[in-house]
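Structure data (CSV, C-alpha atoms) from model.csv:
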chain,number,residue,atom,x,y,z
M,17,MET,CA,55.5,52.1,-91.9
M,18,PRO,CA,56.3,51.7,-88.2
M,19,SER,CA,59.8,51.8,-86.9
M,20,ARG,CA,60.8,48.5,-85.3
M,21,SER,CA,63.7,47.2,-83.2
M,22,GLU,CA,64.3,44.1,-81.1
M,23,PRO,CA,63.7,43.9,-77.4
M,24,ARG,CA,66.9,44.0,-75.3
M,25,GLY,CA,66.0,41.5,-72.6
M,26,HIS,CA,63.2,40.1,-70.4
M,27,ASP,CA,63.9,42.7,-67.7
M,28,VAL,CA,63.1,45.6,-70.1
M,29,ILE,CA,59.6,47.0,-70.4
M,30,ARG,CA,58.8,46.9,-74.1
M,31,ILE,CA,56.7,49.8,-75.4
M,32,ALA,CA,54.7,50.5,-78.5
M,33,VAL,CA,54.0,54.1,-79.4
M,34,ILE,CA,51.1,55.0,-81.6
M,35,ASP,CA,50.7,58.7,-82.4
M,36,ASP,CA,49.9,60.5,-85.6
M,37,HIS,CA,52.5,63.1,-85.1
M,38,GLU,CA,56.1,62.0,-86.0
M,39,LEU,CA,57.6,64.6,-83.6
M,40,ILE,CA,55.7,63.1,-80.7
M,41,ARG,CA,56.7,59.6,-81.6
M,42,HIS,CA,60.4,60.5,-81.8
M,43,GLY,CA,60.2,62.6,-78.6
M,44,LEU,CA,58.7,59.7,-76.6
M,45,GLU,CA,61.2,57.3,-77.9
M,46,TYR,CA,64.1,59.6,-77.0
M,47,LEU,CA,62.6,60.2,-73.5
M,48,LEU,CA,62.0,56.5,-72.8
M,49,HIS,CA,65.3,55.3,-74.0
M,50,ARG,CA,67.1,57.4,-71.5
M,51,SER,CA,66.0,54.8,-68.9
M,52,ASP,CA,67.8,51.4,-69.2
M,53,ASP,CA,64.6,49.5,-68.3
M,54,LEU,CA,62.5,51.0,-71.1
M,55,LYS,CA,62.6,50.2,-74.7
M,56,VAL,CA,60.4,51.4,-77.6
M,57,VAL,CA,60.0,48.4,-79.9
M,58,LEU,CA,57.3,49.8,-82.3
M,59,ARG,CA,56.5,53.3,-83.5
M,60,GLY,CA,53.5,53.9,-85.7
M,61,ALA,CA,51.0,56.6,-86.9
M,62,GLY,CA,47.9,54.5,-86.6
M,63,ILE,CA,46.3,51.4,-85.1
M,64,GLY,CA,46.9,49.6,-88.4
M,65,ASP,CA,50.7,49.8,-87.8
M,66,LEU,CA,50.2,48.1,-84.5
M,67,ARG,CA,48.0,45.4,-85.9
M,68,ASP,CA,50.6,44.8,-88.7
M,69,SER,CA,53.4,44.2,-86.2
M,70,ASP,CA,54.3,40.8,-84.9
M,71,LEU,CA,56.5,42.3,-82.0
M,72,ASP,CA,55.5,41.7,-78.4
M,73,HIS,CA,55.1,44.7,-76.2
M,74,ASP,CA,54.2,45.3,-72.5
M,75,VAL,CA,52.7,48.7,-72.7
M,76,LEU,CA,50.9,50.6,-75.5
M,77,ILE,CA,51.2,54.4,-75.5
M,78,LEU,CA,48.3,55.6,-77.5
M,79,ASP,CA,47.2,59.1,-78.6
M,80,LEU,CA,43.4,59.5,-78.0
M,81,TYR,CA,42.9,61.4,-81.3
M,82,LEU,CA,44.6,59.9,-84.4
M,83,ALA,CA,44.2,62.2,-87.4
M,84,THR,CA,40.5,62.5,-86.6
M,85,ASP,CA,38.1,64.4,-84.4
M,86,ARG,CA,36.8,61.1,-83.0
M,87,PRO,CA,38.4,59.7,-79.8
M,88,CYS,CA,39.6,56.2,-80.3
M,89,VAL,CA,37.6,54.7,-77.4
M,90,ALA,CA,36.4,51.7,-79.4
M,91,GLU,CA,40.0,50.9,-80.2
M,92,ILE,CA,41.0,51.2,-76.6
M,93,ARG,CA,38.2,48.8,-75.6
M,94,GLU,CA,39.5,46.3,-78.2
M,95,LEU,CA,43.2,46.7,-77.4
M,96,SER,CA,42.9,46.7,-73.6
M,97,ALA,CA,41.7,43.1,-73.8
M,98,VAL,CA,45.2,42.1,-75.0
M,99,THR,CA,47.6,44.8,-73.8
M,100,ARG,CA,48.0,47.5,-71.2
M,101,VAL,CA,47.0,50.9,-72.6
M,102,LEU,CA,48.5,54.2,-71.5
M,103,VAL,CA,46.8,57.2,-73.2
M,104,VAL,CA,49.1,60.2,-73.8
M,105,SER,CA,46.9,62.9,-75.2
M,106,ALA,CA,46.7,66.7,-75.7
M,107,SER,CA,43.1,66.5,-74.4
M,108,GLY,CA,42.5,66.9,-70.6
M,109,ARG,CA,38.8,67.2,-71.0
M,110,PRO,CA,37.0,65.2,-68.3
M,111,ALA,CA,34.7,63.6,-70.9
M,112,ASP,CA,37.7,62.2,-72.8
M,113,VAL,CA,39.4,60.9,-69.6
M,114,LEU,CA,36.2,59.3,-68.4
M,115,ALA,CA,35.6,57.6,-71.8
M,116,ALA,CA,39.2,56.3,-72.1
M,117,VAL,CA,39.3,54.9,-68.6
M,118,ARG,CA,35.9,53.3,-68.8
M,119,SER,CA,36.9,51.8,-72.2
M,120,GLY,CA,39.8,50.0,-70.5
M,121,ALA,CA,42.8,52.4,-70.4
M,122,ASN,CA,45.2,51.7,-67.6
M,123,GLY,CA,46.4,55.2,-67.4
M,124,TYR,CA,46.0,58.7,-68.8
M,125,VAL,CA,48.6,61.4,-69.1
M,126,THR,CA,48.3,64.8,-70.8
M,127,LYS,CA,51.0,65.9,-73.2
M,128,ASP,CA,51.8,68.9,-71.1
M,129,ALA,CA,52.8,66.7,-68.1
M,130,PRO,CA,56.4,66.7,-67.0
M,131,ALA,CA,58.6,64.2,-68.9
M,132,GLU,CA,59.4,62.2,-65.8
M,133,LEU,CA,55.7,61.6,-65.1
M,134,VAL,CA,55.4,59.8,-68.5
M,135,VAL,CA,58.2,57.5,-67.4
M,136,ASP,CA,56.5,56.9,-64.0
M,137,ALA,CA,53.2,56.2,-65.8
M,138,VAL,CA,54.8,53.6,-68.1
M,139,ARG,CA,56.4,51.7,-65.2
M,140,THR,CA,53.2,51.8,-63.2
M,141,VAL,CA,51.0,50.6,-66.0
M,142,ALA,CA,53.6,47.9,-66.9
M,143,ALA,CA,53.4,46.6,-63.3
M,144,GLY,CA,49.7,46.3,-63.5
M,145,GLY,CA,48.8,49.6,-61.8
M,146,PHE,CA,46.7,52.6,-62.8
M,147,TYR,CA,48.1,56.1,-63.4
M,148,LEU,CA,46.6,59.5,-63.8
M,149,SER,CA,48.7,62.7,-64.1
M,150,ALA,CA,48.2,65.2,-61.3
M,151,GLY,CA,46.1,67.6,-63.2
M,152,LEU,CA,43.7,64.9,-64.3
M,153,ALA,CA,43.4,63.6,-60.7
M,154,ASP,CA,42.3,67.1,-59.7
M,155,ILE,CA,39.7,67.2,-62.4
M,156,LEU,CA,38.3,63.9,-61.5
M,157,GLN,CA,38.3,64.8,-57.8
M,158,ARG,CA,36.1,67.8,-58.6
M,159,GLU,CA,33.8,65.6,-60.5
M,160,LEU,CA,33.7,62.9,-57.9
M,161,ASP,CA,33.2,65.5,-55.1
M,162,SER,CA,30.1,66.9,-56.9
M,163,PRO,CA,27.7,64.0,-57.0
M,164,GLY,CA,24.4,64.3,-58.7
M,165,PRO,CA,21.0,63.3,-57.4
M,166,GLY,CA,21.0,60.1,-55.4
M,167,PHE,CA,24.5,60.3,-53.9
M,168,GLY,CA,24.5,58.3,-50.7
M,169,SER,CA,20.8,58.0,-50.7
M,170,GLY,CA,20.5,54.6,-52.4
M,171,SER,CA,17.8,56.1,-54.8
M,172,ASP,CA,19.6,54.7,-57.8
M,173,SER,CA,18.8,51.0,-57.5
M,174,ALA,CA,21.1,50.2,-60.4
M,175,LEU,CA,24.1,51.1,-58.3
M,176,PRO,CA,25.4,48.8,-55.5
M,177,ARG,CA,25.1,50.5,-52.1
M,178,LEU,CA,28.4,51.8,-50.7
M,179,SER,CA,28.9,53.5,-47.3
M,180,GLU,CA,30.0,57.1,-47.3
M,181,ARG,CA,33.6,56.1,-46.4
M,182,GLU,CA,33.7,53.4,-49.1
M,183,GLU,CA,32.5,56.0,-51.6
M,184,GLN,CA,35.3,58.4,-50.4
M,185,THR,CA,37.8,55.6,-50.7
M,186,LEU,CA,36.7,54.7,-54.2
M,187,SER,CA,36.9,58.3,-55.2
M,188,TYR,CA,40.6,58.4,-54.1
M,189,ILE,CA,41.3,55.2,-55.9
M,190,ALA,CA,39.9,56.7,-59.1
M,191,GLN,CA,42.4,59.6,-58.7
M,192,GLY,CA,45.3,57.2,-58.6
M,193,PHE,CA,46.2,57.4,-54.9
M,194,THR,CA,47.8,54.4,-53.2
M,195,HIS,CA,46.3,52.8,-50.1
M,196,ALA,CA,48.9,54.5,-47.9
M,197,GLN,CA,48.1,57.9,-49.5
M,198,ILE,CA,44.4,57.4,-49.0
M,199,ALA,CA,45.0,56.5,-45.4
M,200,ARG,CA,46.8,59.8,-44.8
M,201,ARG,CA,44.1,61.8,-46.5
M,202,MET,CA,41.3,60.1,-44.6
M,203,ASP,CA,43.3,60.1,-41.3
M,204,ILE,CA,42.8,56.4,-40.8
M,205,SER,CA,45.1,53.4,-40.9
M,206,LYS,CA,46.2,51.7,-44.1
M,207,ALA,CA,44.6,48.5,-42.7
M,208,THR,CA,41.3,50.2,-42.6
M,209,VAL,CA,41.7,51.4,-46.2
M,210,ASP,CA,42.5,47.8,-47.2
M,211,THR,CA,39.3,46.7,-45.5
M,212,TYR,CA,37.2,49.3,-47.3
M,213,VAL,CA,38.8,48.3,-50.6
M,214,GLU,CA,38.0,44.6,-50.0
M,215,ARG,CA,34.4,45.5,-49.2
M,216,ILE,CA,34.2,47.7,-52.3
M,217,ARG,CA,35.6,44.9,-54.5
M,218,THR,CA,33.0,42.4,-53.1
M,219,LYS,CA,30.1,44.8,-53.5
M,220,LEU,CA,31.0,45.9,-57.0
M,221,GLN,CA,32.4,42.5,-58.1
M,222,VAL,CA,35.7,43.9,-59.4
M,223,GLY,CA,39.3,43.0,-58.9
M,224,ASN,CA,42.3,45.2,-59.7
M,225,LYS,CA,42.8,48.9,-59.4
M,226,ALA,CA,42.0,49.7,-63.0
M,227,GLN,CA,38.7,47.9,-62.6
M,228,LEU,CA,38.0,49.8,-59.4
M,229,THR,CA,38.7,53.1,-61.1
M,230,ARG,CA,36.4,52.2,-64.0
M,231,ALA,CA,33.7,51.3,-61.4
M,232,ALA,CA,34.1,54.7,-59.7
M,233,LEU,CA,33.9,56.6,-63.0
M,234,ASP,CA,30.9,54.5,-64.1
M,235,ARG,CA,29.1,55.4,-60.9
M,236,LEU,CA,29.9,59.0,-61.5
M,237,GLU,CA,28.5,59.0,-65.0
M,238,ARG,CA,25.4,57.2,-64.1
M,239,ARG,CA,24.6,59.6,-61.3
M,240,HIS,CA,25.0,62.6,-63.6
M,241,ARG,CA,23.0,60.9,-66.5
M,242,PRO,CA,19.7,62.7,-67.1
Using the file provided, produce a representation of the structure as structure tokens.
Amino acid sequence: MPSRSEPRGHDVIRIAVIDDHELIRHGLEYLLHRSDDLKVVLRGAGIGDLRDSDLDHDVLILDLYLATDRPCVAEIRELSAVTRVLVVSASGRPADVLAAVRSGANGYVTKDAPAELVVDAVRTVAAGGFYLSAGLADILQRELDSPGPGFGSGSDSALPRLSEREEQTLSYIAQGFTHAQIARRMDISKATVDTYVERIRTKLQVGNKAQLTRAALDRLERRHRP
């Protein structure tokens, strides 16, 4: 059975933790409760525990592999329609990260990440943002910087055409960088980045940062598809 407790107030980020390892569940609760604005209201070993609960939460921390060798991407797709999902997993494989994010995850952190990054990730996801731990951003950067056939050539008619600078901007967004950070890396103004992002949103018909990230990863996967 899941462990339950009542939320402490509307200014507190309420968190559900689903992981099949009891030690991880207790460790995450201990870590998060060190911050006054974070409160674990549900702990469970499986998706069934979450579905059985009638407690509201703002962020779901979910292990990608729950007592099985199958990543729970279908469950992420279902749950992301009703809650913000932060994957905290031992797996840092690009295929797992891509699958989770494309299924609707709002963030992905590996279990070997520093503890304070998990706290940052929860706050970012709760605020409607997207978060990747640094190591995953590096992995995705290598993937996004190694495009397959058709990159920039418009040969794949299924992909909306983006300029080279728009592709570069979208790549940085997929790695979790802010507009200001992207501006510094591209040596342009933040206003120019804002313009690129608006153009990308219009061309790809997407809205928030998580959707932009999924669009970038989708383009990557389709370019590398045989």
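Closest to Val138 of chain M among M:Arg59, M:Arg100, M:Arg235, M:Arg215 is M:Arg100, based on only C-alpha atoms.
Minimum atom-to-atom distances from M:Leu80, M:Ile92, M:Phe146, M:Lys127 to Gln227 of chain M were compared using all atoms listed in the file, and the lowest value belongs to M:Phe146.
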| said: Counting only C-alpha atoms, which residues have an atom no more than 10 Å from (34.5, 50.6, -46.5) in the file's coordinates? Please list them as a VMD selection string. | reply: chain M and resid 178 to 186 208 to 217
| Close residues, Ser105 of chain M itself excluded, 9 Å, all atoms listed in the file, min 3 positions apart in chain, as a count of residues only | 10
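Between Gly120 of chain M and the residues M:Met202, M:Leu233, M:Ala226, M:Val104, the shortest atom-to-atom distance, using all atoms listed in the file, involves M:Ala226.
The neighbours of Asp136 of chain M here are the residues that come within 10 Å of it, using only C-alpha atoms and leaving out any residue fewer than 5 positions away in the same chain; they are Ala131, Val141, Ala142, Tyr147 and Ser149 of chain M.
With only C-alpha atoms as the atoms that count, the minimum distance from Arg67 of chain M to the choices M:Thr140, M:His37, M:Leu95, M:Leu152 is reached by M:Leu95.
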| query | Val28 of chain M: which residues within 9 Å, counting only C-alpha atoms, same-chain residues fewer than 5 positions away excluded, as JSON, numbers by chain? | reply | {"M": [23, 52, 53, 54, 55]}
Using C-alpha atoms, can you export the residues from the last selection as a tab-separated table (two decimals), in the frame of the given file?
chain	number	residue	atom	x	y	z
M	23	PRO	CA	63.70	43.90	-77.40
M	52	ASP	CA	67.80	51.40	-69.20
M	53	ASP	CA	64.60	49.50	-68.30
M	54	LEU	CA	62.50	51.00	-71.10
M	55	LYS	CA	62.60	50.20	-74.70
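Here the question is which of M:Leu82, M:Leu76, M:Ala190, M:Pro176 gets nearest to Ala137 of chain M using only C-alpha atoms, and that residue is M:Leu76.
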